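What follows is the content of upload-v4.txt, which has compact mmCIF, C-alpha atoms:
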```txt
# COMPACT_ATOMS: atom_id res chain seq x y z
CA MET K 1 8.45 -5.50 14.03
CA GLN K 2 5.31 -3.34 13.99
CA ARG K 3 4.09 -1.95 17.27
CA TRP K 4 1.11 -0.10 15.86
CA LYS K 5 -1.76 -1.98 14.28
CA ALA K 6 -1.89 0.43 11.35
CA PRO K 7 1.27 2.51 11.22
CA HIS K 8 0.55 4.36 7.97
CA PRO K 9 -2.19 6.90 7.22
CA PRO K 10 -3.36 5.07 4.07
CA GLY K 11 -4.08 2.04 6.22
CA THR K 12 -3.25 -1.58 6.75
CA SER K 13 -2.46 -2.33 3.11
CA LEU K 14 1.01 -0.94 3.83
CA ASN K 15 1.57 -3.19 6.84
CA PHE K 16 4.39 -5.67 6.88
CA HIS K 17 3.58 -9.32 7.53
CA PRO K 18 2.80 -9.59 11.27
CA ASP K 19 5.56 -12.17 11.66
CA ALA K 20 8.25 -10.05 9.98
CA THR K 21 11.19 -9.39 12.27
CA ALA K 22 14.02 -6.86 12.24
CA GLU K 23 17.54 -7.16 13.55
CA VAL K 24 20.15 -4.46 13.89
CA VAL K 25 23.28 -5.56 12.02
CA ASP K 26 25.43 -2.50 12.68
CA ASP K 27 25.11 1.28 13.00
CA TYR K 28 24.00 1.64 9.37
CA LYS K 29 22.29 -1.63 8.61
CA VAL K 30 19.06 -3.36 9.56
CA ARG K 31 18.11 -6.80 8.30
CA ILE K 32 14.40 -7.50 7.96
CA ASN K 33 13.25 -11.09 7.74
CA PHE K 34 10.01 -11.81 5.95
CA PRO K 35 8.18 -15.09 6.47
CA GLU K 36 6.99 -15.08 2.85
CA PRO K 37 7.77 -13.17 -0.37
CA ASP K 38 6.48 -9.58 -0.32
CA GLY K 39 6.67 -7.97 -3.76
CA LEU K 40 5.28 -4.70 -2.45
CA VAL K 41 7.90 -4.14 0.18
CA LEU K 42 9.72 -1.30 -1.58
CA GLY K 43 6.47 0.65 -1.79
CA LYS K 44 5.83 -0.07 1.88
CA PHE K 45 9.27 1.25 2.74
CA ARG K 46 8.22 4.42 0.94
CA GLY K 47 5.92 5.03 3.90
CA LEU K 48 8.45 4.07 6.57
CA HIS K 49 9.57 6.80 8.92
CA VAL K 50 13.31 6.96 9.59
CA PRO K 51 13.64 9.75 12.13
CA SER K 52 16.48 10.68 14.42
CA THR K 53 17.19 9.25 17.86
CA ARG K 54 15.99 12.53 19.34
CA PHE K 55 12.62 12.08 17.65
CA TRP K 56 12.05 8.65 19.16
CA GLU K 57 13.33 9.60 22.60
CA GLU K 58 11.55 12.94 22.93
CA GLU K 59 8.57 13.83 20.79
CA GLY K 60 7.84 10.77 18.67
CA PHE K 61 4.35 10.82 17.29
CA GLY K 62 3.03 13.06 20.02
CA TYR K 63 3.81 10.72 22.93
CA ARG K 64 3.34 13.41 25.56
CA LYS K 65 -0.14 14.25 24.33
CA ASN K 66 -1.34 11.06 22.70
CA GLY K 67 0.10 8.04 24.48
CA THR K 68 1.35 5.61 21.84
CA GLY K 69 0.62 8.26 19.24
CA GLU K 70 -1.14 5.80 16.95
CA GLY K 71 -3.14 7.68 14.36
CA HIS K 72 -1.05 10.85 14.71
CA TRP K 73 1.66 11.85 12.32
CA MET C 1 10.01 24.38 21.13
CA ILE C 2 8.84 21.59 18.85
CA ASP C 3 5.94 19.84 20.53
CA ALA C 4 4.21 17.89 17.78
CA PRO C 5 5.31 15.59 14.99
CA GLY C 6 5.75 16.46 11.34
CA PRO C 7 6.42 17.12 8.61
CA TRP C 8 7.40 13.76 7.20
CA GLY C 9 10.18 13.00 4.79
CA SER C 10 12.42 15.83 5.89
CA GLY C 11 15.65 13.78 5.85
CA PRO C 12 17.61 16.27 3.75
CA PHE C 13 16.41 18.97 6.14
CA THR C 14 16.09 19.29 9.90
CA LEU C 15 12.92 20.62 11.47
CA VAL C 16 13.97 23.51 13.69
CA GLU C 17 10.72 25.39 14.28
CA GLY C 18 7.03 24.58 14.21
CA TYR C 19 5.14 21.49 13.18
CA SER C 20 2.65 20.21 10.65
CA SER C 21 0.72 17.19 11.85
CA LEU C 22 -2.11 14.90 10.88
CA GLU C 23 -4.94 13.83 13.17
CA ASN C 24 -7.05 10.88 12.12
CA GLU C 25 -9.74 8.45 13.07
CA VAL C 26 -9.93 4.88 11.94
CA ALA C 27 -12.38 3.40 9.46
CA MET C 28 -12.58 -0.38 9.56
CA ILE C 29 -13.09 -2.54 6.50
CA GLU C 30 -12.63 -5.92 8.17
CA ASP C 31 -11.61 -7.04 11.64
CA ARG C 32 -10.02 -10.39 10.71
CA PRO C 33 -7.66 -10.10 9.07
CA LEU C 34 -7.40 -6.51 10.19
CA ALA C 35 -8.08 -4.09 7.34
CA GLY C 36 -8.70 -0.40 7.78
CA VAL C 37 -7.64 3.10 6.84
CA TRP C 38 -7.12 6.36 8.68
CA LEU C 39 -9.42 9.24 7.83
CA ASP C 40 -7.97 12.70 8.16
CA THR C 41 -9.87 14.77 10.74
CA ASN C 42 -7.55 17.71 11.31
CA GLN C 43 -4.24 19.10 10.12
CA PRO C 44 -2.90 21.19 12.99
CA ARG C 45 0.11 23.26 11.99
CA THR C 46 1.97 26.26 13.23
CA ASP C 47 1.78 29.55 11.37
CA ARG C 48 5.43 29.18 10.52
CA LEU C 49 7.52 26.07 10.06
CA VAL C 50 11.26 26.17 9.44
CA LEU C 51 13.54 23.52 7.95
CA GLU C 52 17.31 23.87 7.87
CA ALA C 53 19.70 21.91 5.68
CA ASN C 54 20.86 18.62 7.13
CA THR C 55 24.50 18.78 6.06
CA ASP C 56 25.02 15.19 7.25
CA HIS C 57 22.44 13.82 4.86
CA TRP C 58 23.77 10.64 3.29
CA ASN C 59 22.84 11.52 -0.30
CA LYS C 60 24.84 14.68 -0.94
CA GLU C 61 24.45 14.36 -4.69
CA ARG C 62 20.73 14.84 -4.25
CA GLY C 63 20.83 17.64 -1.71
CA PRO C 64 19.92 19.64 0.18
CA ARG C 65 20.80 22.70 -1.89
CA LEU C 66 18.93 25.25 0.20
CA GLU C 67 20.15 26.46 3.58
CA ARG C 68 16.75 27.21 4.97
CA VAL C 69 13.11 26.73 4.02
CA VAL C 70 10.29 28.65 5.69
CA PHE C 71 6.71 27.44 5.30
CA ARG C 72 4.30 30.35 5.77
CA ASN C 73 1.18 28.47 6.76
CA ASN C 74 -0.76 31.56 7.77
CA VAL C 75 -0.85 33.07 4.29
CA ALA C 76 -4.09 32.29 2.45
CA HIS C 77 -3.68 30.49 -0.86
CA ASP C 78 -5.05 33.37 -2.94
CA LYS C 79 -2.77 35.82 -1.18
CA ALA C 80 0.24 33.57 -1.63
CA LEU C 81 -0.47 33.28 -5.34
CA GLU C 82 -0.70 37.05 -5.62
CA LEU C 83 2.57 37.47 -3.74
CA VAL C 84 4.55 34.97 -5.82
CA CYS C 85 3.28 36.60 -9.01
CA THR C 86 3.78 40.24 -8.07
CA THR C 87 6.60 40.41 -5.54
CA GLU C 88 10.01 38.99 -4.67
CA GLY C 89 11.19 38.01 -1.20
CA GLU C 90 7.73 37.12 0.09
CA ILE C 91 6.78 33.75 -1.41
CA ASP C 92 8.94 31.56 -3.67
CA ILE C 93 6.74 28.50 -4.16
CA VAL C 94 2.98 28.05 -4.14
CA THR C 95 1.69 24.49 -4.39
CA GLU C 96 -1.69 23.29 -5.67
CA VAL C 97 -2.25 26.03 -8.22
CA ASP C 98 -5.69 25.69 -9.77
CA PRO C 99 -5.60 25.23 -13.57
CA SER C 100 -7.79 28.33 -13.88
CA ASP C 101 -4.90 30.37 -12.43
CA ALA C 102 -2.24 28.91 -14.74
CA GLU C 103 -2.29 31.72 -17.29
CA ARG C 104 -2.12 34.33 -14.54
CA VAL C 105 1.07 32.69 -13.26
CA LYS C 106 2.59 32.29 -16.72
CA SER C 107 2.04 35.92 -17.59
CA SER C 108 3.20 37.29 -14.23
CA GLU C 109 6.32 39.36 -13.68
CA HIS C 110 7.99 37.16 -11.09
CA ALA C 111 6.57 33.64 -11.28
CA GLN C 112 6.79 30.71 -13.65
CA LEU C 113 4.39 27.79 -13.90
CA HIS C 114 5.73 24.33 -13.18
CA ALA C 115 3.51 21.41 -14.26
CA VAL C 116 4.33 17.92 -13.04
CA ASP C 117 2.90 14.69 -14.43
CA ALA C 118 1.67 13.55 -11.06
CA MET C 119 0.44 10.33 -9.52
CA ARG C 120 -3.05 11.74 -9.21
CA ILE C 121 -6.23 10.47 -10.79
CA VAL C 122 -9.87 11.48 -10.93
CA THR C 123 -12.29 8.66 -11.69
CA GLY C 124 -15.89 7.65 -11.21
CA VAL C 125 -16.44 4.93 -8.61
CA ILE C 126 -19.22 2.71 -9.98
CA ASN C 127 -21.55 1.23 -7.38
CA ARG C 128 -21.79 -2.46 -8.23
CA PHE C 129 -23.69 -3.24 -5.02
CA THR C 130 -26.89 -1.67 -6.26
CA ASP C 131 -29.69 -3.92 -7.53
CA ASP C 132 -32.12 -1.58 -9.25
CA VAL C 133 -29.79 -0.49 -12.07
CA PRO C 134 -27.62 -2.75 -14.22
CA LEU C 135 -24.18 -1.62 -13.08
CA ARG C 136 -23.04 -5.19 -12.48
CA ASP C 137 -23.24 -5.50 -16.28
CA ALA C 138 -19.92 -4.63 -17.91
CA ASN C 139 -21.73 -3.22 -20.95
CA ALA C 140 -23.56 -0.70 -18.77
CA ARG C 141 -20.23 0.33 -17.26
CA ARG C 142 -18.73 0.60 -20.75
CA ALA C 143 -21.63 2.87 -21.65
CA LEU C 144 -20.70 5.13 -18.71
CA ASN C 145 -17.19 5.34 -20.15
CA LEU C 146 -18.17 5.82 -23.80
CA ALA C 147 -20.44 8.71 -22.80
CA VAL C 148 -17.54 10.79 -21.47
CA ASP C 149 -15.88 13.47 -23.59
CA ARG C 150 -12.43 13.30 -22.01
CA ASP C 151 -10.87 15.75 -24.44
CA ARG C 152 -13.38 18.39 -23.38
CA LEU C 153 -12.81 17.47 -19.74
CA VAL C 154 -9.06 18.00 -20.10
CA ARG C 155 -9.50 21.16 -22.16
CA GLU C 156 -12.29 22.90 -20.24
CA GLY C 157 -12.11 21.28 -16.82
CA PHE C 158 -8.35 21.41 -16.40
CA ALA C 159 -7.27 24.09 -18.90
CA GLY C 160 -5.22 21.38 -20.61
CA TYR C 161 -3.26 20.46 -17.47
CA ALA C 162 -4.40 16.84 -17.28
CA HIS C 163 -4.13 13.62 -19.25
CA ALA C 164 -7.05 11.45 -20.31
CA LEU C 165 -7.04 8.08 -18.52
CA SER C 166 -7.62 4.71 -20.16
CA GLY C 167 -7.46 2.68 -16.95
CA LEU C 168 -6.34 3.70 -13.49
CA THR C 169 -2.64 3.93 -14.35
CA PRO C 170 -1.41 7.17 -15.95
CA HIS C 171 0.58 6.53 -19.13
CA TYR C 172 3.80 7.83 -17.54
CA ALA C 173 3.72 5.39 -14.61
CA GLY C 174 4.98 1.84 -14.32
CA GLY C 175 2.55 -0.93 -15.20
CA PHE C 176 0.60 1.07 -17.81
CA SER C 177 -1.44 -1.27 -20.01
CA GLY C 178 -0.95 0.74 -23.20
CA ALA C 179 -4.70 0.91 -23.80
CA GLU C 180 -6.20 3.97 -25.46
CA PRO C 181 -8.83 5.83 -23.46
CA TYR C 182 -12.42 4.85 -24.19
CA PRO C 183 -13.52 6.96 -27.18
CA HIS C 184 -16.34 9.49 -26.87
CA ASP C 185 -19.13 7.60 -28.60
CA PRO C 186 -22.53 8.83 -27.38
CA GLU C 187 -24.52 6.67 -29.80
CA GLU C 188 -22.83 3.45 -28.76
CA ALA C 189 -23.09 4.49 -25.11
CA ARG C 190 -26.86 4.98 -25.44
CA ARG C 191 -27.25 1.67 -27.29
CA LEU C 192 -25.29 -0.29 -24.68
CA MET C 193 -27.10 1.29 -21.76
CA SER C 194 -30.45 0.66 -23.41
CA GLU C 195 -29.56 -2.99 -23.99
CA ALA C 196 -28.36 -3.33 -20.42
CA GLY C 197 -31.83 -2.23 -19.32
CA TRP C 198 -31.49 1.02 -17.42
CA PRO C 199 -34.96 1.45 -15.84
CA GLU C 200 -37.24 3.99 -17.52
CA GLY C 201 -37.49 7.16 -15.45
CA ARG C 202 -34.75 6.17 -12.99
CA ALA C 203 -32.25 9.02 -12.65
CA LEU C 204 -28.55 8.26 -12.40
CA ARG C 205 -27.34 9.28 -8.94
CA LEU C 206 -24.03 11.07 -9.41
CA ALA C 207 -22.14 12.22 -6.32
CA ALA C 208 -18.91 14.14 -5.84
CA THR C 209 -16.80 15.81 -3.24
CA SER C 210 -16.51 19.58 -3.50
CA ASP C 211 -12.94 19.46 -4.82
CA VAL C 212 -14.11 17.75 -8.01
CA GLU C 213 -17.46 19.50 -8.43
CA PRO C 214 -16.56 21.01 -11.84
CA VAL C 215 -15.68 17.54 -13.12
CA ALA C 216 -18.98 16.19 -11.82
CA ASN C 217 -20.92 18.95 -13.57
CA MET C 218 -19.30 18.12 -16.90
CA LEU C 219 -19.86 14.40 -16.37
CA ALA C 220 -23.54 14.99 -15.57
CA GLU C 221 -23.89 16.94 -18.81
CA ASP C 222 -22.23 14.15 -20.79
CA TYR C 223 -24.52 11.52 -19.27
CA ARG C 224 -27.68 13.53 -19.89
CA ASN C 225 -26.69 14.17 -23.50
CA ALA C 226 -25.30 10.77 -24.38
CA LEU C 227 -27.43 8.35 -22.38
CA GLY C 228 -30.68 10.26 -22.43
CA ILE C 229 -31.26 9.65 -18.74
CA GLU C 230 -31.71 12.22 -16.02
CA VAL C 231 -28.87 12.79 -13.58
CA GLU C 232 -29.29 13.71 -9.92
CA LEU C 233 -26.07 15.39 -8.88
CA THR C 234 -25.17 15.54 -5.17
CA ILE C 235 -22.16 17.51 -4.01
CA ILE C 236 -21.12 16.25 -0.60
CA PRO C 237 -20.75 19.25 1.76
CA ASP C 238 -17.30 19.49 3.30
CA GLU C 239 -18.78 19.22 6.79
CA GLU C 240 -20.31 15.85 5.83
CA LEU C 241 -17.20 14.49 4.15
CA LEU C 242 -16.04 12.39 7.11
CA VAL C 243 -19.42 10.65 7.38
CA ALA C 244 -19.40 9.98 3.64
CA GLN C 245 -15.89 8.56 3.84
CA HIS C 246 -16.91 6.18 6.65
CA THR C 247 -19.89 5.03 4.58
CA LEU C 248 -17.74 4.29 1.54
CA VAL C 249 -14.91 2.59 3.42
CA GLU C 250 -16.86 0.54 5.96
CA LYS C 251 -19.55 -0.67 3.53
CA VAL C 252 -22.09 -1.31 6.27
CA MET C 253 -24.76 1.03 4.93
CA GLU C 254 -26.08 1.22 1.38
CA LEU C 255 -23.99 3.51 -0.79
CA PRO C 256 -26.11 6.52 -1.82
CA PHE C 257 -24.77 6.86 -5.37
CA ASP C 258 -24.46 5.09 -8.70
CA VAL C 259 -21.26 6.91 -9.63
CA LEU C 260 -19.03 8.83 -7.24
CA VAL C 261 -16.50 11.26 -8.74
CA HIS C 262 -13.41 10.63 -6.67
CA ALA C 263 -9.83 11.92 -6.60
CA TRP C 264 -6.97 9.73 -5.45
CA ILE C 265 -3.19 9.59 -5.41
CA ASP C 266 -0.30 7.16 -5.34
CA LEU C 267 2.77 7.35 -3.12
CA ASN C 268 5.13 6.25 -5.89
CA SER C 269 4.96 5.63 -9.61
CA ASP C 270 6.43 2.15 -9.84
CA ALA C 271 3.57 -0.19 -9.03
CA PRO C 272 0.18 1.55 -9.09
CA PRO C 273 -1.97 -1.52 -8.36
CA ALA C 274 -0.51 -1.66 -4.86
CA PHE C 275 -2.07 1.64 -3.94
CA ILE C 276 -4.62 2.51 -6.61
CA HIS C 277 -6.23 -0.59 -8.13
CA GLY C 278 -6.18 -2.39 -4.79
CA ALA C 279 -7.87 0.53 -3.07
CA TYR C 280 -10.75 0.51 -5.57
CA PHE C 281 -11.33 -3.21 -6.18
CA ALA C 282 -9.52 -5.50 -3.74
CA ALA C 283 -11.50 -7.34 -1.07
CA ASP C 284 -9.83 -5.12 1.54
CA GLY C 285 -9.97 -2.00 -0.62
CA PRO C 286 -11.35 1.10 1.12
CA PHE C 287 -13.07 2.39 -2.04
CA ARG C 288 -14.38 -0.96 -3.27
CA ALA C 289 -18.02 -0.40 -4.22
CA GLY C 290 -19.13 -3.88 -5.16
CA PRO C 291 -18.55 -7.52 -4.37
CA PRO C 292 -14.92 -8.73 -4.52
CA LEU C 293 -13.87 -10.03 -7.94
CA ASP C 294 -12.21 -13.46 -8.06
CA ASP C 295 -10.15 -12.76 -11.21
CA PHE C 296 -8.93 -9.47 -9.79
CA GLU C 297 -7.99 -11.08 -6.47
CA GLU C 298 -5.99 -13.73 -8.30
CA LEU C 299 -4.06 -11.13 -10.30
CA MET C 300 -3.43 -9.01 -7.21
CA GLY C 301 -2.22 -12.07 -5.32
CA SER C 302 0.36 -12.78 -8.04
CA PHE C 303 1.34 -9.12 -8.14
CA ALA C 304 1.81 -8.82 -4.37
CA THR C 305 4.09 -11.85 -4.11
CA GLU C 306 6.16 -11.21 -7.25
CA ILE C 307 9.65 -10.02 -6.30
CA ASP C 308 11.04 -9.71 -9.84
CA ALA C 309 10.45 -6.07 -10.80
CA GLU C 310 10.09 -6.71 -14.54
CA ARG C 311 7.62 -9.53 -14.05
CA GLN C 312 5.73 -7.47 -11.47
CA GLY C 313 5.45 -4.64 -14.00
CA GLU C 314 3.92 -7.08 -16.49
CA ILE C 315 1.34 -8.21 -13.94
CA ALA C 316 0.61 -4.58 -13.07
CA ALA C 317 -0.15 -3.94 -16.76
CA GLN C 318 -2.43 -7.01 -16.82
CA ILE C 319 -4.31 -5.64 -13.83
CA ASP C 320 -4.77 -2.27 -15.50
CA GLN C 321 -5.94 -4.00 -18.70
CA PHE C 322 -8.40 -6.08 -16.65
CA VAL C 323 -10.04 -3.07 -15.02
CA TYR C 324 -10.17 -1.35 -18.43
CA ASP C 325 -11.75 -4.36 -20.17
CA GLU C 326 -14.32 -4.76 -17.41
CA ALA C 327 -14.87 -0.98 -17.25
CA LEU C 328 -14.82 -1.22 -13.49
CA SER C 329 -14.55 2.56 -13.07
CA VAL C 330 -15.37 5.60 -15.13
CA PHE C 331 -11.82 6.44 -16.15
CA LEU C 332 -11.50 10.21 -16.38
CA VAL C 333 -8.22 12.12 -16.07
CA ALA C 334 -4.82 12.31 -14.40
CA PRO C 335 -4.46 15.99 -13.37
CA GLN C 336 -1.02 17.55 -13.38
CA ALA C 337 0.31 19.07 -10.16
CA LEU C 338 0.77 22.80 -10.76
CA TYR C 339 3.21 25.04 -8.90
CA ALA C 340 3.86 28.77 -9.11
CA ILE C 341 7.60 29.25 -8.71
CA ASN C 342 9.71 32.37 -8.43
CA ARG C 343 11.68 32.78 -11.66
CA HIS C 344 15.00 32.45 -9.88
CA VAL C 345 14.12 29.16 -8.20
CA ASN C 346 15.08 25.97 -10.00
CA PHE C 347 12.32 23.74 -8.69
CA VAL C 348 12.58 19.98 -9.15
CA GLY C 349 9.11 18.47 -8.96
CA HIS C 350 8.23 14.88 -8.20
CA ALA C 351 5.31 12.75 -9.35
CA ALA C 352 4.12 11.65 -5.93
CA THR C 353 5.21 14.13 -3.28
CA PHE C 354 6.31 17.69 -2.67
CA GLU C 355 10.02 17.59 -1.89
CA LEU C 356 12.72 20.22 -1.95
CA ALA C 357 15.90 18.13 -1.74
CA GLU C 358 17.12 18.99 -5.27
CA THR C 359 15.59 22.44 -5.53
CA GLU C 360 18.02 25.37 -5.60
CA VAL C 361 18.06 29.11 -6.27
CA ASN C 362 20.28 30.95 -8.73
CA GLU C 363 22.45 34.01 -8.10
CA GLU C 364 19.63 36.34 -9.15
CA HIS C 365 17.42 35.10 -6.35
CA TRP C 366 16.56 37.75 -3.74
CA SER C 367 18.29 35.75 -1.01
CA ARG C 368 21.64 35.75 -2.87
CA ARG C 369 21.82 39.18 -4.41
CA ASN C 370 24.29 40.33 -1.81
CA GLY C 371 26.74 37.65 -2.90
CA GLN C 372 25.53 35.08 -0.38
```

Before anything else, please render the file you have as C-alpha cells.
Amino acid sequence: MQRWKAPHPPGTSLNFHPDATAEVVDDYKVRINFPEPDGLVLGKFRGLHVPSTRFWEEEGFGYRKNGTGEGHW
Amino acid sequence: MIDAPGPWGSGPFTLVEGYSSLENEVAMIEDRPLAGVWLDTNQPRTDRLVLEANTDHWNKERGPRLERVVFRNNVAHDKALELVCTTEGEIDIVTEVDPSDAERVKSSEHAQLHAVDAMRIVTGVINRFTDDVPLRDANARRALNLAVDRDRLVREGFAGYAHALSGLTPHYAGGFSGAEPYPHDPEEARRLMSEAGWPEGRALRLAATSDVEPVANMLAEDYRNALGIEVELTIIPDEELLVAQHTLVEKVMELPFDVLVHAWIDLNSDAPPAFIHGAYFAADGPFRAGPPLDDFEELMGSFATEIDAERQGEIAAQIDQFVYDEALSVFLVAPQALYAINRHVNFVGHAATFELAETEVNEEHWSRRNGQ
C-alpha cells in the first residue's frame, strides 16, 4: 500500500505495516487489510493525504522537480 | 500556476494560488527494521497563498464558512501583529503570538487574544547514555524534576499561558495519568542528587534550541540554586540546528549534553504515547537519549496493538505514569497556542493544528460591511 519508505514528515513511526493492502470498494470507499492489529491506525490516518485526482495526476509531491517526491510535502 | 505541493489538510478549501511546501532530509535511527525521521531543511512558500471554499466538501456541518482565505507570507511577524492590532482589512489572524505580546493584543483596538490548550510540550531530555554523571539513577532524575519551579516558569516564562506538566501528557489530553506535577522542593532535590553522587566540580551541561532559550535560562537558575552545582548553558545556534538534530536522532556520536530543553508537539490529542512518549523513549524513538527500556517497550507494545479505545486510553495513562515515576524527562510545561484575531472573526482553534474549517466572520467584519 505504501510506495514511499517514509511517507510522513515525522518519520516511519506513522508507517502502516509493510504487508497492509488496500482495495477500492466503490467511488467512496476503500478497504484496508492489516495483517495484524494496529491500535494506532486512526492516528496514522491523521497524517494520510487525501488529495484530488488532479493533484495525483499533475503536481503530486513535486513530481516534475523531484522525481518520486519522497521527502517533499 | 501552482507548481509545488502544499499546504496540507485543505479539504474544506481548494488551493487556487501559491504554495507552501516542506523540504527535508532523512535522519536514520535504524536500518532494519527501517526507522527514521525527516528533518526540515527549508519551507519554500509563495508570498501569497489563496484558498477558496470547497463547496463540495463532504462535511458541510463543519464548513467551510469562509469564501476565501489569503495567506500573506511576505508580512513579517512583528508587522502582522501590529496590523491586526491597529487596523482592519489588512490582517485578520496572526498565529504563534509570543506570550510577551499577549497583553498588547488584549488591550488593542481591533484584536482579541485566543489561547488554545495545545498539544505542545516543553521538556528536558535527560541523557541516560552518559557515564560520568548518575543520570541512569532515577533519584538523580527526580532531583532534576524537584529542582524546577514550574509555577514561576508558567508565570514568568509564559506570562501564564502554559500549564505545568506532570508527565509528558497534558492534563487535557487522552491518556493523562492524573499525577500532580513534581513539587518544587530544592532541599529534597539537593539531598537526592548528593546521594546519587553527582561528581564534585562537574558542571551540569544544559543545552537548548534558540526557541526555548528563556526556559533554559530559568532552568539553569533553578539548578544552580537548588542543586548547588554549576550549569554550563549552551544555546544551539540556528545555523547548527540541523547538525544537532542529526546527532540526537542518529545516536552515533556522543550526545553533548546532560539535559536538552526541547519543544515537541502531537498531531492529535487522543493517544499521546504514539507520538510523544514513543519519540522520547522507544527503541526507535528519534529523541531517545539512553538505552531502550524493557518495561517501556512492553507497555508500548500493548498500547500499539490495542484496538479497544477505552483500554488503549488506560494503557496510555499507565505509560505516562511510568515515565513520571521513573522521572525519565524533566517535565516542564505545556504552552498554549496564542492567536491574535480580529474582533469580528469567530476563530475556532484546535489543539493540534491550525485549521479554518469552522472559522467564520460576523456582519461587522470589514469584508461584509457592504451587505456581502

So which one's closest to Phe275 of chain C, C:Ala179, C:Ala220, C:Met119, C:Val345? Using only C-alpha atoms, please.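 So, comparing all the options, the nearest one is C:Met119.
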
Nearest to chain K: which of C:Val243, C:Ala263, C:Ile276, C:Ala159 is it, counting all atoms listed in the file? C:Ile276

With the cut-off set at 6 Å and counting all atoms listed in the file, tabulate each residue of chain C with an atom at most that distance from an atom of chain K, showing the nearest atom pair and its distance in Å to one decimal, ordered by chain and increasing number, as a Markdown table.
```
| residue | atom | partner | partner_atom | distance |
| --- | --- | --- | --- | --- |
| C:Ala4 | CA | K:Gly62 | CA | 5.5 |
| C:Pro5 | CA | K:Phe61 | CA | 5.4 |
| C:Ser21 | CA | K:Trp73 | CA | 5.4 |
| C:Leu22 | CA | K:Trp73 | CA | 5.1 |
| C:Glu23 | CA | K:His72 | CA | 5.1 |
| C:Asn24 | CA | K:Gly71 | CA | 5.5 |
| C:Ala35 | CA | K:Thr12 | CA | 5.5 |
| C:Gly36 | CA | K:Gly11 | CA | 5.5 |
| C:Val37 | CA | K:Gly11 | CA | 3.8 |
| C:Trp38 | CA | K:Pro9 | CA | 5.2 |
| C:Ala304 | CA | K:Gly39 | CA | 5.0 |
| C:Thr305 | CA | K:Gly39 | CA | 4.7 |
| C:Glu306 | CA | K:Gly39 | CA | 4.8 |
| C:Ile307 | CA | K:Gly39 | CA | 4.4 |
```

C:Phe322, C:Phe176, C:Tyr19, C:Phe354: which is nearest Asp295 of chain C, counting only C-alpha atoms? C:Phe322

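Residues within 9 Å of segment 71-75 of chain C, counting all atoms listed in the file and excluding same-chain residues fewer than 6 positions away, are Arg45, Thr46, Asp47, Arg48, Leu49, Val50, Leu51 and Ile91 of chain C.
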
Report, as JSON, the axis-aligned box around all atoms of segment 155-167 of chain C present in the file, extended by 6 Å on each side; give centre and edge lengths in Å to one decimal place.
```
{"center_x": -7.8, "center_y": 13.4, "center_z": -19.3, "size_x": 21.0, "size_y": 33.4, "size_z": 17.8}
```

Could you state the separation of atom CA of Glu156 of chain C and atom CA of Trp264 of chain C in Å, given to one decimal place?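 Between atom CA of Glu156 of chain C and atom CA of Trp264 of chain C the gap is 20.5 Å.
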
Using only C-alpha atoms, which protein or nucleic acid residues come within 10 Å of Leu338 of chain C? Drop anything in the same chain fewer than 4 positions from it, and give the result as an MDAnalysis selection string. chainID C and resid 94:99 101:102 113:118 161 349

If I take atom CA of Ile236 of chain C and atom CA of Ala207 of chain C, how far is one from the other in Å, to one decimal?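 So the answer is 7.1 Å.
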
So how far away is atom CA of Trp198 of chain C from atom CA of Ile229 of chain C, in Å? 8.7 Å

Counting only C-alpha atoms, figure out which residue out of K:Asn33, K:Tyr28, K:Thr68, K:Glu57 gets nearest to Arg3 of chain K.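 Among the listed residues, K:Thr68 lies closest to Arg3 of chain K.
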
C:Leu66, C:Leu204, C:Met253, C:Ile121: which is nearest Val133 of chain C, counting only C-alpha atoms?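 Distance minimum relative to Val133 of chain C lands on C:Leu204.
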
When you count only C-alpha atoms, which of these residues is closest to Asp294 of chain C: C:Ala282, C:Leu168, C:Arg343, C:His365?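 Checking each candidate against Asp294 of chain C, we get C:Ala282 as the closest.
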
Show me as a PDB file with C-alpha atoms, in the frame of the given file the residues that reach within 7 Å of (-10.2, 20.9, -10.0), counting all atoms listed in the file and using the file's own coordinates.
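Listed below is the output, selection-v5.pdb:
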```
ATOM      1  CA  ASP C  98      -5.690  25.690  -9.770  1.00  0.00           C
ATOM      2  CA  PHE C 158      -8.350  21.410 -16.400  1.00  0.00           C
ATOM      3  CA  ASP C 211     -12.940  19.460  -4.820  1.00  0.00           C
ATOM      4  CA  VAL C 212     -14.110  17.750  -8.010  1.00  0.00           C
ATOM      5  CA  PRO C 214     -16.560  21.010 -11.840  1.00  0.00           C
TER       6      PRO C 214
END
```

For His171 of chain C, please output as JSON, numbers by chain all residues within 10 Å (counting all atoms listed in the file; exclusion window: fewer than 6 positions along the same chain). {"C": [117, 163, 164, 165, 177, 178, 179, 180, 334]}

Fill-in result for segment 38-44 of chain K, N, CA and C atoms as a PDB file, keeping the file's coordinate frame:
```pdb
ATOM      1  N   ASP K  38       7.313 -10.783  -0.314  1.00  0.00           N
ATOM      2  CA  ASP K  38       6.480  -9.580  -0.320  1.00  0.00           C
ATOM      3  C   ASP K  38       6.966  -8.681  -1.462  1.00  0.00           C
ATOM      4  N   GLY K  39       6.263  -8.746  -2.578  1.00  0.00           N
ATOM      5  CA  GLY K  39       6.670  -7.970  -3.760  1.00  0.00           C
ATOM      6  C   GLY K  39       6.375  -6.488  -3.628  1.00  0.00           C
ATOM      7  N   LEU K  40       5.658  -6.107  -2.599  1.00  0.00           N
ATOM      8  CA  LEU K  40       5.280  -4.700  -2.450  1.00  0.00           C
ATOM      9  C   LEU K  40       6.138  -3.986  -1.417  1.00  0.00           C
ATOM     10  N   VAL K  41       7.199  -4.660  -0.985  1.00  0.00           N
ATOM     11  CA  VAL K  41       7.900  -4.140   0.180  1.00  0.00           C
ATOM     12  C   VAL K  41       8.589  -2.798  -0.087  1.00  0.00           C
ATOM     13  N   LEU K  42       9.063  -2.580  -1.324  1.00  0.00           N
ATOM     14  CA  LEU K  42       9.720  -1.300  -1.580  1.00  0.00           C
ATOM     15  C   LEU K  42       8.726  -0.144  -1.459  1.00  0.00           C
ATOM     16  N   GLY K  43       7.508  -0.369  -1.946  1.00  0.00           N
ATOM     17  CA  GLY K  43       6.470   0.650  -1.790  1.00  0.00           C
ATOM     18  C   GLY K  43       6.115   0.870  -0.336  1.00  0.00           C
ATOM     19  N   LYS K  44       6.129  -0.213   0.446  1.00  0.00           N
ATOM     20  CA  LYS K  44       5.830  -0.070   1.880  1.00  0.00           C
ATOM     21  C   LYS K  44       6.943   0.711   2.581  1.00  0.00           C
TER      22      LYS K  44
END
```
